[in-house]
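Participant: My structure is stored as run-v8.cif, with mmCIF, C-alpha atoms.
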data_run
loop_
_atom_site.label_atom_id
_atom_site.label_comp_id
_atom_site.auth_asym_id
_atom_site.auth_seq_id
_atom_site.Cartn_x
_atom_site.Cartn_y
_atom_site.Cartn_z
CA MET A 212 -30.31 -38.59 27.66
CA SER A 213 -31.17 -36.28 24.75
CA LYS A 214 -28.78 -33.45 23.91
CA ILE A 215 -29.53 -30.65 21.40
CA TRP A 216 -27.16 -27.90 20.29
CA ILE A 217 -28.71 -24.79 18.71
CA LYS A 218 -25.69 -23.43 16.87
CA ASP A 219 -25.00 -19.86 15.74
CA GLY A 220 -28.47 -18.52 16.42
CA ILE A 221 -30.04 -15.30 17.64
CA PHE A 222 -31.97 -15.72 20.89
CA ILE A 223 -34.59 -13.46 22.45
CA THR A 224 -34.45 -14.59 26.06
CA ALA A 225 -37.45 -12.58 27.41
CA SER A 226 -35.15 -11.56 30.25
CA SER A 227 -34.78 -7.86 31.06
CA ASP A 228 -31.10 -8.33 32.00
CA GLN A 229 -29.90 -9.69 28.65
CA PRO A 230 -32.91 -9.72 26.31
CA ILE A 231 -31.02 -10.81 23.19
CA ILE A 232 -28.02 -13.10 22.71
CA ASN A 233 -26.10 -14.04 19.57
CA GLY A 234 -24.57 -17.45 20.05
CA HIS A 235 -25.56 -20.93 21.16
CA MET A 236 -28.04 -22.82 23.32
CA VAL A 237 -27.74 -26.37 24.66
CA VAL A 238 -30.73 -28.47 25.74
CA GLU A 239 -30.31 -31.65 27.74
CA ASN A 240 -33.50 -33.68 28.13
CA ASP A 241 -36.17 -31.11 29.01
CA ARG A 242 -33.92 -28.29 30.29
CA ILE A 243 -31.71 -25.52 28.94
CA THR A 244 -28.21 -26.18 30.24
CA PHE A 245 -26.38 -23.40 28.41
CA ILE A 246 -27.13 -20.20 26.54
CA GLY A 247 -24.47 -17.68 25.63
CA GLU A 248 -22.18 -16.20 23.03
CA ASN A 249 -19.46 -18.86 23.10
CA LEU A 250 -19.93 -22.59 23.66
CA PRO A 251 -17.91 -23.66 26.74
CA GLU A 252 -15.06 -26.18 26.49
CA GLN A 253 -17.12 -28.73 28.44
CA TYR A 254 -19.20 -29.32 25.29
CA ALA A 255 -16.21 -29.79 22.95
CA ASN A 256 -16.34 -33.58 23.00
CA VAL A 257 -20.06 -34.01 23.64
CA SER A 258 -21.94 -36.20 21.16
CA PHE A 259 -25.17 -34.31 20.42
CA ASP A 260 -28.31 -36.10 19.30
CA GLU A 261 -29.25 -33.08 17.18
CA ILE A 262 -27.38 -30.02 15.99
CA VAL A 263 -29.65 -27.25 14.75
CA ASN A 264 -28.16 -24.67 12.39
CA GLY A 265 -29.38 -21.34 13.70
CA HIS A 266 -28.36 -19.33 10.64
CA ASN A 267 -31.15 -16.89 9.70
CA ARG A 268 -33.27 -18.19 12.57
CA LEU A 269 -34.42 -16.34 15.64
CA PHE A 270 -35.18 -18.43 18.72
CA MET A 271 -37.44 -17.24 21.52
CA PRO A 272 -39.52 -18.69 24.36
CA GLY A 273 -42.74 -20.36 23.30
CA LEU A 274 -45.78 -18.11 23.69
CA VAL A 275 -48.15 -18.57 26.64
CA ASN A 276 -51.87 -17.99 26.00
CA THR A 277 -53.50 -17.32 29.38
CA HIS A 278 -57.17 -17.50 28.36
CA THR A 279 -58.78 -19.83 25.83
CA HIS A 280 -61.82 -21.99 25.24
CA ALA A 281 -60.15 -24.24 22.67
CA ALA A 282 -63.13 -26.39 21.65
CA MET A 283 -65.06 -23.29 20.56
CA SER A 284 -63.08 -23.34 17.32
CA LEU A 285 -66.05 -25.44 16.12
CA LEU A 286 -68.07 -22.20 16.13
CA ARG A 287 -65.51 -19.92 14.49
CA GLY A 288 -67.35 -17.47 12.24
CA TYR A 289 -70.76 -18.81 13.22
CA ALA A 290 -71.92 -15.57 14.87
CA ASP A 291 -69.98 -12.34 14.49
CA ASP A 292 -70.47 -8.59 14.89
CA LEU A 293 -72.79 -8.99 17.87
CA ALA A 294 -72.88 -7.66 21.44
CA LEU A 295 -71.39 -10.07 23.98
CA GLN A 296 -74.63 -11.05 25.72
CA THR A 297 -76.47 -11.55 22.41
CA TRP A 298 -73.54 -13.53 21.05
CA LEU A 299 -73.41 -15.73 24.16
CA GLU A 300 -77.07 -16.23 24.97
CA ASP A 301 -78.54 -16.51 21.47
CA TYR A 302 -75.75 -18.23 19.54
CA MET A 303 -72.91 -19.70 21.62
CA TRP A 304 -74.62 -21.29 24.62
CA PRO A 305 -77.45 -22.98 22.65
CA ASN A 306 -74.90 -24.59 20.30
CA GLU A 307 -72.41 -25.45 23.03
CA ALA A 308 -75.19 -27.26 24.87
CA LYS A 309 -75.23 -29.71 21.93
CA PHE A 310 -71.49 -30.42 22.12
CA THR A 311 -70.49 -34.01 22.80
CA SER A 312 -67.16 -35.02 24.29
CA ASP A 313 -66.02 -35.94 20.78
CA ASP A 314 -66.90 -32.45 19.55
CA VAL A 315 -64.74 -31.00 22.30
CA TYR A 316 -61.92 -33.40 21.42
CA TRP A 317 -61.83 -32.45 17.73
CA GLY A 318 -62.47 -28.75 18.30
CA THR A 319 -59.56 -28.69 20.74
CA GLN A 320 -57.35 -30.51 18.23
CA LEU A 321 -58.09 -27.81 15.65
CA SER A 322 -57.14 -25.09 18.12
CA VAL A 323 -54.00 -26.89 19.19
CA VAL A 324 -52.86 -27.17 15.56
CA GLU A 325 -53.42 -23.44 15.15
CA MET A 326 -51.54 -22.69 18.36
CA ILE A 327 -48.57 -24.84 17.40
CA ARG A 328 -48.35 -23.21 13.97
CA SER A 329 -48.46 -19.74 15.55
CA GLY A 330 -45.86 -20.37 18.24
CA THR A 331 -47.94 -21.02 21.36
CA THR A 332 -46.36 -23.72 23.53
CA CYS A 333 -48.64 -23.35 26.57
CA PHE A 334 -52.28 -22.37 27.06
CA LEU A 335 -54.86 -22.01 29.80
CA ASP A 336 -58.16 -23.63 28.83
CA MET A 337 -61.51 -23.30 30.55
CA TYR A 338 -64.25 -25.55 29.20
CA ASP A 339 -66.34 -28.71 29.63
CA HIS A 340 -65.42 -32.37 28.87
CA MET A 341 -61.94 -31.47 30.03
CA ASP A 342 -60.68 -35.05 30.06
CA ARG A 343 -60.82 -34.91 26.26
CA VAL A 344 -58.92 -31.61 26.25
CA ALA A 345 -56.26 -33.21 28.44
CA GLU A 346 -56.06 -36.11 25.96
CA VAL A 347 -55.28 -33.65 23.16
CA VAL A 348 -52.62 -31.91 25.25
CA THR A 349 -51.02 -35.27 26.01
CA GLN A 350 -51.00 -36.28 22.33
CA SER A 351 -49.85 -32.93 20.96
CA GLY A 352 -46.89 -32.37 23.25
CA LEU A 353 -48.01 -28.89 24.33
CA ARG A 354 -48.04 -27.58 27.89
CA ALA A 355 -51.39 -26.52 29.38
CA SER A 356 -53.16 -25.28 32.50
CA LEU A 357 -56.63 -26.81 32.37
CA THR A 358 -59.84 -26.21 34.26
CA ARG A 359 -63.43 -27.37 34.06
CA GLY A 360 -65.37 -24.12 33.66
CA MET A 361 -68.65 -24.01 35.60
CA ILE A 362 -71.77 -21.94 35.07
CA GLY A 363 -73.44 -22.06 38.47
CA PHE A 364 -77.01 -21.01 37.73
CA ALA A 365 -78.50 -24.50 37.74
CA PRO A 366 -80.51 -26.79 40.04
CA PRO A 367 -78.59 -27.91 43.17
CA GLU A 368 -78.00 -31.43 41.82
CA VAL A 369 -76.49 -30.02 38.61
CA GLN A 370 -74.32 -27.63 40.60
CA GLN A 371 -73.01 -30.52 42.67
CA MET A 372 -72.35 -32.61 39.58
CA LYS A 373 -70.26 -29.80 38.09
CA LEU A 374 -68.32 -29.32 41.33
CA ASN A 375 -67.62 -33.04 41.55
CA GLU A 376 -66.48 -33.17 37.92
CA ALA A 377 -64.18 -30.17 38.34
CA LYS A 378 -62.65 -31.54 41.52
CA GLN A 379 -62.08 -35.00 40.05
CA PHE A 380 -60.59 -33.60 36.87
CA ALA A 381 -58.19 -31.41 38.85
CA ARG A 382 -57.10 -34.38 40.96
CA ASP A 383 -56.74 -36.78 38.02
CA TRP A 384 -54.77 -34.56 35.68
CA HIS A 385 -52.60 -32.24 37.79
CA GLY A 386 -48.98 -33.08 36.94
CA GLN A 387 -49.85 -35.50 34.15
CA ALA A 388 -48.24 -35.69 30.67
CA ASN A 389 -44.75 -35.62 32.20
CA GLY A 390 -45.71 -32.55 34.20
CA ARG A 391 -46.95 -30.61 31.17
CA ILE A 392 -50.51 -30.43 32.55
CA THR A 393 -51.44 -28.38 35.60
CA THR A 394 -54.99 -27.71 36.78
CA LEU A 395 -57.07 -24.91 38.29
CA MET A 396 -60.61 -24.35 39.55
CA ALA A 397 -62.92 -22.06 37.58
CA PRO A 398 -66.33 -20.58 38.27
CA HIS A 399 -67.25 -19.15 34.87
CA ALA A 400 -68.00 -15.59 36.03
CA PRO A 401 -69.70 -13.67 38.85
CA TYR A 402 -72.68 -13.01 36.56
CA THR A 403 -73.16 -16.72 35.77
CA CYS A 404 -72.52 -18.13 39.26
CA PRO A 405 -74.44 -17.41 42.47
CA PRO A 406 -72.29 -16.37 45.43
CA ASP A 407 -72.71 -19.61 47.37
CA PHE A 408 -71.56 -21.59 44.32
CA ILE A 409 -68.43 -19.48 43.97
CA SER A 410 -67.75 -20.03 47.67
CA LYS A 411 -67.91 -23.80 47.14
CA VAL A 412 -65.46 -23.58 44.26
CA ILE A 413 -63.05 -21.62 46.45
CA GLU A 414 -63.37 -24.24 49.20
CA ILE A 415 -62.29 -26.94 46.73
CA ALA A 416 -59.41 -24.76 45.53
CA HIS A 417 -58.22 -24.47 49.14
CA GLU A 418 -58.61 -28.20 49.67
CA LEU A 419 -56.60 -29.08 46.55
CA ASP A 420 -54.23 -26.10 46.88
CA LEU A 421 -55.01 -24.88 43.37
CA PRO A 422 -55.31 -21.45 41.72
CA VAL A 423 -58.64 -20.03 40.55
CA HIS A 424 -59.57 -18.60 37.15
CA THR A 425 -62.67 -16.65 36.14
CA HIS A 426 -64.03 -14.02 33.74
CA MET A 427 -64.38 -10.63 35.41
CA SER A 428 -65.49 -7.09 34.53
CA GLU A 429 -65.56 -7.76 30.81
CA THR A 430 -68.44 -5.38 29.96
CA ILE A 431 -70.05 -2.30 31.50
CA ARG A 432 -73.38 -4.14 31.59
CA GLU A 433 -71.86 -7.00 33.58
CA VAL A 434 -70.35 -4.59 36.12
CA GLU A 435 -73.59 -2.63 36.53
CA GLU A 436 -75.69 -5.79 36.90
CA ASN A 437 -73.30 -7.15 39.51
CA ALA A 438 -73.57 -3.95 41.56
CA LYS A 439 -77.36 -3.97 41.23
CA GLN A 440 -77.78 -7.64 42.18
CA TYR A 441 -75.12 -8.06 44.85
CA GLY A 442 -74.42 -4.51 46.04
CA GLU A 443 -70.82 -4.56 44.83
CA ARG A 444 -68.92 -4.37 41.57
CA PRO A 445 -67.22 -7.65 40.55
CA VAL A 446 -63.81 -7.01 42.13
CA LYS A 447 -65.13 -6.36 45.64
CA HIS A 448 -67.79 -9.02 45.19
CA LEU A 449 -65.14 -11.68 44.49
CA LEU A 450 -62.91 -10.29 47.23
CA ASN A 451 -65.75 -10.62 49.74
CA LEU A 452 -66.39 -14.20 48.61
CA GLY A 453 -62.76 -15.08 49.35
CA MET A 454 -61.65 -15.72 45.79
CA PHE A 455 -58.50 -13.67 46.17
CA SER A 456 -57.49 -15.74 49.19
CA ARG A 457 -56.42 -18.20 46.50
CA PRO A 458 -53.87 -17.45 43.77
CA SER A 459 -56.13 -15.96 41.10
CA ILE A 460 -56.05 -15.04 37.43
CA VAL A 461 -58.98 -13.16 35.90
CA ALA A 462 -59.72 -12.79 32.21
CA HIS A 463 -60.50 -9.41 30.67
CA ALA A 464 -60.72 -6.97 33.64
CA VAL A 465 -61.68 -4.26 31.18
CA HIS A 466 -63.78 -1.99 33.40
CA LEU A 467 -61.86 -1.19 36.57
CA THR A 468 -61.66 1.81 38.90
CA ASP A 469 -58.41 3.07 40.41
CA GLU A 470 -59.40 1.46 43.72
CA GLU A 471 -60.07 -1.89 42.03
CA ILE A 472 -56.68 -1.84 40.32
CA GLN A 473 -55.05 -1.31 43.71
CA LEU A 474 -57.08 -4.17 45.20
CA LEU A 475 -55.95 -6.54 42.45
CA ALA A 476 -52.35 -5.49 43.00
CA ALA A 477 -52.61 -5.89 46.78
CA HIS A 478 -53.90 -9.47 46.39
CA ASP A 479 -51.51 -10.39 43.53
CA VAL A 480 -54.42 -11.13 41.19
CA ARG A 481 -53.11 -11.71 37.67
CA VAL A 482 -54.95 -10.36 34.61
CA SER A 483 -55.23 -12.03 31.21
CA HIS A 484 -55.54 -9.18 28.72
CA ASN A 485 -57.50 -10.21 25.60
CA PRO A 486 -57.32 -7.16 23.32
CA GLY A 487 -58.50 -8.83 20.10
CA SER A 488 -61.61 -10.42 21.59
CA ASN A 489 -62.45 -7.33 23.63
CA LEU A 490 -62.27 -5.15 20.53
CA LYS A 491 -64.32 -7.50 18.37
CA LEU A 492 -67.09 -7.80 20.97
CA ALA A 493 -66.87 -4.05 21.69
CA SER A 494 -66.31 -4.81 25.37
CA GLY A 495 -63.80 -1.99 25.70
CA ILE A 496 -60.08 -1.55 26.27
CA ALA A 497 -58.54 -2.64 29.55
CA ARG A 498 -56.47 -0.17 31.58
CA VAL A 499 -53.26 -2.08 31.00
CA PRO A 500 -50.73 0.75 31.60
CA GLU A 501 -52.36 1.52 34.94
CA LEU A 502 -52.46 -2.15 35.91
CA ILE A 503 -48.78 -2.58 35.07
CA ARG A 504 -47.80 0.59 36.96
CA ALA A 505 -49.69 -0.74 40.00
CA GLY A 506 -47.65 -3.95 39.88
CA VAL A 507 -50.32 -6.29 38.49
CA LYS A 508 -48.99 -9.12 36.32
CA VAL A 509 -50.68 -8.65 32.93
CA SER A 510 -50.38 -11.46 30.40
CA LEU A 511 -52.01 -12.06 27.02
CA GLY A 512 -54.87 -14.31 25.96
CA THR A 513 -56.84 -14.75 22.78
CA ASP A 514 -60.15 -15.93 24.26
CA SER A 515 -61.85 -18.40 21.92
CA SER A 516 -61.55 -18.47 18.15
CA ALA A 517 -65.32 -17.95 18.10
CA SER A 518 -64.84 -14.47 19.55
CA ASN A 519 -61.41 -13.45 18.28
CA ASN A 520 -61.47 -15.25 15.63
CA ASN A 521 -57.99 -16.69 15.83
CA LEU A 522 -55.47 -17.91 18.41
CA ASP A 523 -52.57 -15.79 17.17
CA LEU A 524 -50.58 -14.39 20.10
CA PHE A 525 -48.30 -12.44 17.75
CA GLU A 526 -51.38 -10.44 16.83
CA GLU A 527 -52.22 -9.95 20.52
CA MET A 528 -48.65 -8.74 21.23
CA ARG A 529 -48.92 -6.15 18.49
CA LEU A 530 -52.38 -5.06 19.61
CA ALA A 531 -51.26 -4.74 23.22
CA ALA A 532 -48.31 -2.60 22.20
CA LEU A 533 -50.27 -0.37 19.81
CA LEU A 534 -53.64 0.00 21.53
CA HIS A 535 -52.32 1.41 24.76
CA LYS A 536 -49.99 3.82 23.02
CA GLY A 537 -53.00 5.15 21.13
CA THR A 538 -55.43 5.37 24.04
CA SER A 539 -52.87 6.91 26.42
CA GLN A 540 -51.25 9.09 23.75
CA ASP A 541 -47.96 7.94 25.22
CA PRO A 542 -45.67 6.08 22.78
CA THR A 543 -43.54 4.73 25.63
CA VAL A 544 -46.20 2.47 27.20
CA VAL A 545 -46.02 -1.28 26.51
CA PRO A 546 -42.74 -1.21 24.58
CA ALA A 547 -41.87 -4.17 22.37
CA LEU A 548 -39.87 -6.12 24.96
CA GLN A 549 -42.67 -5.77 27.48
CA ALA A 550 -45.19 -7.05 24.92
CA ILE A 551 -42.99 -10.10 24.33
CA GLN A 552 -42.69 -10.67 28.08
CA MET A 553 -46.47 -10.44 28.46
CA ALA A 554 -46.72 -13.29 25.95
CA THR A 555 -43.90 -15.37 27.44
CA SER A 556 -42.32 -14.93 30.88
CA ILE A 557 -45.17 -12.98 32.48
CA GLY A 558 -47.65 -15.42 30.95
CA ALA A 559 -45.85 -18.32 32.59
CA GLU A 560 -45.64 -16.48 35.92
CA SER A 561 -49.35 -15.73 35.65
CA LEU A 562 -50.03 -19.48 35.51
CA TRP A 563 -47.63 -20.23 38.38
CA LEU A 564 -45.36 -22.22 36.10
CA ASP A 565 -41.83 -22.36 37.47
CA GLY A 566 -38.98 -22.52 34.97
CA VAL A 567 -41.13 -21.68 31.95
CA GLY A 568 -41.33 -18.60 29.75
CA SER A 569 -37.74 -17.45 29.28
CA LEU A 570 -34.58 -18.85 27.70
CA THR A 571 -32.55 -19.17 30.89
CA ILE A 572 -30.18 -21.87 32.12
CA GLY A 573 -32.18 -24.36 34.17
CA ASN A 574 -35.51 -23.49 32.59
CA LYS A 575 -37.72 -25.86 30.64
CA ALA A 576 -36.84 -26.10 26.96
CA ASP A 577 -40.06 -24.62 25.57
CA PHE A 578 -39.01 -22.52 22.59
CA ILE A 579 -39.78 -21.66 18.98
CA ALA A 580 -37.81 -20.69 15.88
CA LEU A 581 -38.70 -17.93 13.44
CA ASN A 582 -37.43 -17.53 9.89
CA ILE A 583 -35.95 -14.04 9.83
CA ASP A 584 -34.48 -14.29 6.33
CA GLN A 585 -37.45 -12.33 5.01
CA PRO A 586 -37.91 -8.71 3.89
CA HIS A 587 -39.88 -7.64 6.96
CA PHE A 588 -36.96 -8.55 9.25
CA TYR A 589 -34.50 -6.30 7.38
CA PRO A 590 -32.49 -4.27 8.07
CA ARG A 591 -31.33 -6.02 11.26
CA THR A 592 -31.77 -2.96 13.45
CA ASN A 593 -33.80 -4.22 16.42
CA LEU A 594 -35.09 -7.78 16.24
CA ILE A 595 -37.17 -7.40 19.40
CA SER A 596 -39.01 -4.56 17.71
CA HIS A 597 -39.27 -6.56 14.48
CA VAL A 598 -40.92 -9.52 16.23
CA VAL A 599 -43.70 -7.33 17.67
CA TYR A 600 -44.23 -4.72 14.97
CA SER A 601 -43.21 -6.57 11.79
CA GLY A 602 -43.33 -10.30 12.49
CA GLY A 603 -46.22 -12.69 12.74
CA ALA A 604 -47.41 -16.23 13.24
CA GLN A 605 -46.50 -17.12 9.67
CA ASP A 606 -42.81 -16.71 10.55
CA VAL A 607 -42.78 -19.61 13.05
CA THR A 608 -40.99 -22.65 11.60
CA ASP A 609 -40.14 -24.93 14.52
CA MET A 610 -41.25 -25.68 18.08
CA TRP A 611 -39.85 -27.59 21.02
CA VAL A 612 -41.72 -28.28 24.28
CA ASN A 613 -40.07 -30.00 27.23
CA GLY A 614 -37.06 -30.44 24.96
CA LYS A 615 -38.98 -32.40 22.32
CA CYS A 616 -39.51 -31.11 18.79
CA ILE A 617 -43.20 -31.05 17.93
CA MET A 618 -42.97 -28.95 14.76
CA ARG A 619 -40.08 -29.01 12.28
CA ASN A 620 -39.96 -26.80 9.17
CA LYS A 621 -43.67 -26.04 9.65
CA GLU A 622 -44.62 -29.73 9.78
CA ILE A 623 -46.43 -30.72 12.97
CA LEU A 624 -45.04 -34.05 14.11
CA THR A 625 -47.69 -35.05 16.67
CA LEU A 626 -51.08 -34.48 15.04
CA ASP A 627 -52.80 -35.29 11.73
CA ILE A 628 -53.89 -31.91 10.37
CA GLU A 629 -55.85 -33.17 7.37
CA ARG A 630 -57.94 -35.53 9.47
CA ILE A 631 -58.56 -32.86 12.10
CA GLN A 632 -59.82 -30.35 9.53
CA SER A 633 -62.08 -32.96 7.94
CA GLU A 634 -63.52 -34.08 11.29
CA VAL A 635 -64.17 -30.51 12.40
CA GLN A 636 -66.08 -29.64 9.23
CA THR A 637 -68.17 -32.81 9.51
CA ARG A 638 -68.93 -32.11 13.16
CA PHE A 639 -69.96 -28.53 12.48
CA ASN A 640 -72.29 -29.69 9.70
CA THR A 641 -73.79 -32.31 12.02
CA LEU A 642 -74.16 -29.79 14.83
CA GLN A 643 -76.57 -27.74 12.72
CA THR A 644 -78.95 -30.72 12.43
CA ARG A 645 -79.07 -31.67 16.11
#
Just dump the structure as structure tokens.
Facilitator:
Amino acid sequence: MSKIWIKDGIFITASSDQPIINGHMVVENDRITFIGENLPEQYANVSFDEIVNGHNRLFMPGLVNTHTHAAMSLLRGYADDLALQTWLEDYMWPNEAKFTSDDVYWGTQLSVVEMIRSGTTCFLDMYDHMDRVAEVVTQSGLRASLTRGMIGFAPPEVQQMKLNEAKQFARDWHGQANGRITTLMAPHAPYTCPPDFISKVIEIAHELDLPVHTHMSETIREVEENAKQYGERPVKHLLNLGMFSRPSIVAHAVHLTDEEIQLLAAHDVRVSHNPGSNLKLASGIARVPELIRAGVKVSLGTDSSASNNNLDLFEEMRLAALLHKGTSQDPTVVPALQAIQMATSIGAESLWLDGVGSLTIGNKADFIALNIDQPHFYPRTNLISHVVYSGGAQDVTDMWVNGKCIMRNKEILTLDIERIQSEVQTRFNTLQTR
């Protein structure tokens, strides 16, 4: 039985009741068994396997990235400053069609290294060759919600192959890696999947009792085309197809009407807000303050590092806090604590992960340490504010997931970074000759 004592630290809990604590935290196996100002007498004679000196360190829940395509790191910087449809149809999809399972494996490793270094302990990934993605999650020690993304415009036999693959993957991997892997079902988007295909995906989700994830209302063009082709905008279209009869999380949700926001709230549809990617692709700015006021759970995602071009959730926290102040001309919307919660506790709730996302007794020990003995964390006025408005990924020094340390003093303990970088460069070079 492993026991860790984080001694004399500062803890951002991501809880609204007591958001910051100066004191101690105890981890036993994979759970937090104590957090508070003074260590109880019961621990006086305990022999700890590790005692971590928390001096000049700030500890907080690991970040939760609720929308990624990790393997697309292979195409980072390959095509930038383009409209979404041009970017997808002329550059991304033709190259992704050449990806082998090994490409996906190494591209995912590169993304996972970047996520660990920037404080992300859990991510939702939608892609192909998902068994290889699950292998990387298992090796790395991270937590992940994984789904085989499916573009449904294909011959019937190809559609059925994709459905079979997605179903088998979900069955094989749900609960694996000591419970660190959960699975979902994922039609890629309403504009890439015919209605009957989406209906089949939802049937499987009901059968396996799994949530559903999709892209939705990312661009004005997508919304207009959906209305023209199917007679409804994406929200009502998916509602009519029964998607929201399953627990659902949609990525982007940039272009919504007041009525659509209320529909999402009524059906407890969660939204992954991807401000960096949406800005870079000029998709627009989601109506986050209105979504939050309506009671919709809004979390943060990066999208892929081919569209962002990084996987830095600290950057997304800062963008989420600043963007919506600027667009609403209201400096009180998305305050710093709420931005942190979007990246931690609300992110975990959005993926239906119990006991993840906050530093609370009984919760999973998924947490990170930041070095706050740096100029941009002084004076020590409001560390919650400092994390969002002053801090960044470069401040993360250590990471624990499920109570196990996977990065110590910026050294990743589970993956070989030099080999990963070399393999990725070789694979990108090879990709251009295929």
Participant: One number please: CA of Val263 (chain A) to CA of Ile215 (chain A), in Å, one decimal.
Facilitator: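 Distance reported for this atom pair: 7.5 Å.
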Participant: Enumerate, as a PDB file with C-alpha atoms, keeping the file's coordinate frame, the residues matched when the PyMOL selection byres ((chain A and resi 549-565) around 9) is run on the file above.
Facilitator:
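What landed in part.pdb:
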ATOM      1  CA  ALA A 225     -37.450 -12.580  27.410  1.00  0.00           C
ATOM      2  CA  SER A 226     -35.150 -11.560  30.250  1.00  0.00           C
ATOM      3  CA  SER A 227     -34.780  -7.860  31.060  1.00  0.00           C
ATOM      4  CA  MET A 271     -37.440 -17.240  21.520  1.00  0.00           C
ATOM      5  CA  PRO A 272     -39.520 -18.690  24.360  1.00  0.00           C
ATOM      6  CA  GLY A 273     -42.740 -20.360  23.300  1.00  0.00           C
ATOM      7  CA  LEU A 274     -45.780 -18.110  23.690  1.00  0.00           C
ATOM      8  CA  VAL A 275     -48.150 -18.570  26.640  1.00  0.00           C
ATOM      9  CA  ASN A 276     -51.870 -17.990  26.000  1.00  0.00           C
ATOM     10  CA  THR A 277     -53.500 -17.320  29.380  1.00  0.00           C
ATOM     11  CA  CYS A 333     -48.640 -23.350  26.570  1.00  0.00           C
ATOM     12  CA  LEU A 335     -54.860 -22.010  29.800  1.00  0.00           C
ATOM     13  CA  SER A 356     -53.160 -25.280  32.500  1.00  0.00           C
ATOM     14  CA  THR A 393     -51.440 -28.380  35.600  1.00  0.00           C
ATOM     15  CA  PRO A 422     -55.310 -21.450  41.720  1.00  0.00           C
ATOM     16  CA  PRO A 458     -53.870 -17.450  43.770  1.00  0.00           C
ATOM     17  CA  SER A 459     -56.130 -15.960  41.100  1.00  0.00           C
ATOM     18  CA  ILE A 460     -56.050 -15.040  37.430  1.00  0.00           C
ATOM     19  CA  VAL A 480     -54.420 -11.130  41.190  1.00  0.00           C
ATOM     20  CA  ARG A 481     -53.110 -11.710  37.670  1.00  0.00           C
ATOM     21  CA  VAL A 482     -54.950 -10.360  34.610  1.00  0.00           C
ATOM     22  CA  SER A 483     -55.230 -12.030  31.210  1.00  0.00           C
ATOM     23  CA  LYS A 508     -48.990  -9.120  36.320  1.00  0.00           C
ATOM     24  CA  VAL A 509     -50.680  -8.650  32.930  1.00  0.00           C
ATOM     25  CA  SER A 510     -50.380 -11.460  30.400  1.00  0.00           C
ATOM     26  CA  LEU A 511     -52.010 -12.060  27.020  1.00  0.00           C
ATOM     27  CA  GLY A 512     -54.870 -14.310  25.960  1.00  0.00           C
ATOM     28  CA  LEU A 524     -50.580 -14.390  20.100  1.00  0.00           C
ATOM     29  CA  PHE A 525     -48.300 -12.440  17.750  1.00  0.00           C
ATOM     30  CA  GLU A 527     -52.220  -9.950  20.520  1.00  0.00           C
ATOM     31  CA  MET A 528     -48.650  -8.740  21.230  1.00  0.00           C
ATOM     32  CA  ARG A 529     -48.920  -6.150  18.490  1.00  0.00           C
ATOM     33  CA  ALA A 531     -51.260  -4.740  23.220  1.00  0.00           C
ATOM     34  CA  ALA A 532     -48.310  -2.600  22.200  1.00  0.00           C
ATOM     35  CA  VAL A 544     -46.200   2.470  27.200  1.00  0.00           C
ATOM     36  CA  VAL A 545     -46.020  -1.280  26.510  1.00  0.00           C
ATOM     37  CA  PRO A 546     -42.740  -1.210  24.580  1.00  0.00           C
ATOM     38  CA  ALA A 547     -41.870  -4.170  22.370  1.00  0.00           C
ATOM     39  CA  LEU A 548     -39.870  -6.120  24.960  1.00  0.00           C
ATOM     40  CA  GLY A 566     -38.980 -22.520  34.970  1.00  0.00           C
ATOM     41  CA  VAL A 567     -41.130 -21.680  31.950  1.00  0.00           C
ATOM     42  CA  GLY A 568     -41.330 -18.600  29.750  1.00  0.00           C
ATOM     43  CA  SER A 569     -37.740 -17.450  29.280  1.00  0.00           C
ATOM     44  CA  ASN A 574     -35.510 -23.490  32.590  1.00  0.00           C
ATOM     45  CA  LYS A 575     -37.720 -25.860  30.640  1.00  0.00           C
ATOM     46  CA  ILE A 595     -37.170  -7.400  19.400  1.00  0.00           C
ATOM     47  CA  VAL A 598     -40.920  -9.520  16.230  1.00  0.00           C
ATOM     48  CA  VAL A 599     -43.700  -7.330  17.670  1.00  0.00           C
TER      49      VAL A 599
END
Participant: Could you please determine the separation between CA of Trp611 (chain A) and CA of Glu346 (chain A) in Å, to one decimal place?
Facilitator: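 Computing the Euclidean distance for CA of Trp611 (chain A) and CA of Glu346 (chain A) yields 19.0 Å.
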Participant: Using the chain letters and numbers from this file, what does the PyMOL selection byres ((chain A and resi 330) around 8) select? Give the answer as a list in words.
Facilitator: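 Applying the PyMOL selection byres ((chain A and resi 330) around 8) to the structure shown produces Gly273, Leu274, Met326, Ile327, Arg328, Ser329, Thr331, Thr332, Leu524, Ile579, Ala604, Val607 and Met610 of chain A.
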Participant: Can you spell out as a ChimeraX atom specification the set of residues that the PyMOL selection byres ((chain A and resi 295-304) around 8) selects in the structure I just provided?
Facilitator: /A:286,290-291,293-294,305-308,492-494
Participant: Dump C-alpha atoms for the selected residues as a compact mmCIF listing (two decimals), in the frame of the given file?
Facilitator:
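To be explicit, this is the file written out as selection-v1.txt:
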# COMPACT_ATOMS: atom_id res chain seq x y z
CA LEU A 286 -68.07 -22.20 16.13
CA ALA A 290 -71.92 -15.57 14.87
CA ASP A 291 -69.98 -12.34 14.49
CA LEU A 293 -72.79 -8.99 17.87
CA ALA A 294 -72.88 -7.66 21.44
CA PRO A 305 -77.45 -22.98 22.65
CA ASN A 306 -74.90 -24.59 20.30
CA GLU A 307 -72.41 -25.45 23.03
CA ALA A 308 -75.19 -27.26 24.87
CA LEU A 492 -67.09 -7.80 20.97
CA ALA A 493 -66.87 -4.05 21.69
CA SER A 494 -66.31 -4.81 25.37
